[in-house]
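Trainee: Before I ask anything, here is the structure I am working with.
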There are 2 protein chains.
Amino acid sequence: MQRPVSALQNRLLEALPPGDAARIIPHLVAVTLERGRVLYDPGDSVEFVYFPNEGVISLMTLMESGAAIESAIIGPEGALGLMAAVAPRQSLSRAVTQTPLRASRIAAERLREVCAVSPAMRDLVDRHTEAVYAHAIQTVACNALHSVEARFARWLLSCHERVQSSKIALTQELLADMLGVQRTTVTAVARTLQTRGLIRYRRGVVDILDPDGLEAVACECYGVVRGHYHRLLGGTPKRPPRPRSDPAQR
Amino acid sequence: MQRPVSALQNRLLEALPPGDAARIIPHLVAVTLERGRVLYDPGDSVEFVYFPNEGVISLMTLMESGAAIESAIIGPEGALGLMAAVAPRQSLSRAVTQTPLRASRIAAERLREVCAVSPAMRDLVDRHTEAVYAHAIQTVACNALHSVEARFARWLLSCHERVQSSKIALTQELLADMLGVQRTTVTAVARTLQTRGLIRYRRGVVDILDPDGLEAVACECYGVVRGHYHRLLGGTPKRPPRPRSDPAQR
DNA sequence: TTCGCAGTGTCGAGTTGTCGACAGTTTTTG
DNA sequence: CAAAAACTGTCGACAACTCGACACTGCGAA
């Protein structure tokens, strides 16, 4: 098991005042999850809150047809299930790991105890909720207006900034589901991005070759959502501060 | 000025315990707004909370291009700006009246005083936030998957259940903006719905002739969002609450 | 009344993405 | 090692929607 200090690689936890952090950290448990793990389905009661250290969790709206469309994502800048830190809640989405995930987990019940006594904690939860909401309403417009190519690029960038590597394990089939389009469409788009030298795609692995070039292809939504997170979750600078020299845990 | 008792035509206010209602009602001011009024734009600080008695307010995500896509709507079952009842907030959307609106207005500052002392009030705000969020993530999927015809029908029904009349003042141009499609597409769809006898469209006025028929054309999203509001805002549940199930762990 | 105009109807070329099918290639599994 | 599974590439017919253009029609204002 990892040492609790690793939990602080989560920007939400880093933003907590020391007193609250002290209440939470002892209860954190480090977990490592493989890609594709379903953490919650709609209607599930949220028993645990996950603070990712590295990796991406997709929030997907399930339709009767079985389609699952991504509405927002959770990474090291946020937490999964945080609304349950105020009162018991049911999940509204399917939450599934899109990449291998390192995270710290805590019982929602424990967080509720902290929230009950700490206005700062409570305020952080509210601002996080608002950031996720902002993410969702931007995606509403994105899905209505933007081309598959732009949304594809946006997704890659969002994922890329939440993992260390430039390589992302991802099948075109899965991505097609999340974007709500056909796999053949994804194939075609991936092809053109590859010939332009922006990415390299090989059997379930995308390699981001040119993030800046991708950003030019992506829609404004990428930057807009990023801006909301920065505004609402405290003035953390654009790149995570890197003072601690990563004492090779795990 | 109307008597405050009219405020209770709002289902959110009706759900308040008497003590909290007594703190709020004296500060409510009845307002009547024409259609097309912009109440908030993104970045505006939310000074007033509106509790609609009748009518619809659209929440629209603004894009750089000037496009404005509807992400959720607020009617007599909810409130506009309620997130500001906890702490000062900026609007994330453009909020605009889609129909003539009767509402009760109160300074967000007053509500913050009530929230500070009333857990019930605070809990109501949280559940409302979650209902609006559920609305938004359903719309994400809807915009990705469903035809213009289905979304059109869904919109009409959502609007219809929030106003008294079967007639809705609405130009095709405005609706096209909200759905994020061309006006010519809306014209074509409106035409087919009219020939099928579901609606009657005449110069800026839609008449809902056959709500049940419309519901058959609309996508599942209409019913899903409705269900969330019933569940979260404690309103009249459509079906008896289902027995708790599966502590089974995934 | 007449004019102006907002709102609607329609057309057609063009683009994007759907949908089913199937072939080829790499990885996994027995 | 062989077989199966998973993943990607490609094709073609088709449907949905875009985008620009223009004509028509009530309605309100001068």
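Labeling convention for the structure tokens: chains A, B, ... as they appear, residues from 1 per chain, ligands from 1 in order of appearance.
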At a cut-off of 12 Å, using only C-alpha atoms (C1' of nucleotides), what residues contact DT15 (chain C)? Leave out same-chain residues fewer than 3 positions from it and give the result as number ranges by chain.

Mentor: A: 147; D: 16-19

Trainee: For region 209-223 of chain B, please output as a VMD selection string all residues within 10 Å (counting only C-alpha atoms (C1' of nucleotides); exclusion window: fewer than 4 positions along the same chain).

Mentor: (chain A and resid 63 to 65) or (chain B and resid 135 138 to 139 141 to 142 145 to 158 160 to 161 166 to 167 193 to 194 196 to 200 227 to 228)

Trainee: List the spatial neighbours of DA23 (chain D) as a list in words - criterion: any atom at most 12 Å away, only C-alpha atoms (C1' of nucleotides), same-chain residues fewer than 6 positions off excluded.

Mentor: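 What passes the distance filter is DT8, DG9, DT10 and DC11 of chain C.
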
Trainee: May I have all residues of region 28-238 of chain B that DSSP, computed from the backbone, assigns to strand (DSSP E or B), given as an NGL selection string?

Mentor: :B and (29-33 or 38-40 or 45 or 48-54 or 57-62 or 68-74 or 80 or 90 or 94-97 or 101-107 or 167-169 or 199-202 or 205-208)

Trainee: Compute the set of chain B residues within 10 Å of chain C, using only C-alpha atoms (C1' of nucleotides), and express it as a list in words.

Mentor: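 Therefore, the residues near the partner are Thr171, Gln172, Glu173, Arg183, Thr184, Thr187, Ala188, Arg191, Tyr201, Arg202, Arg203 and Gly204 of chain B.
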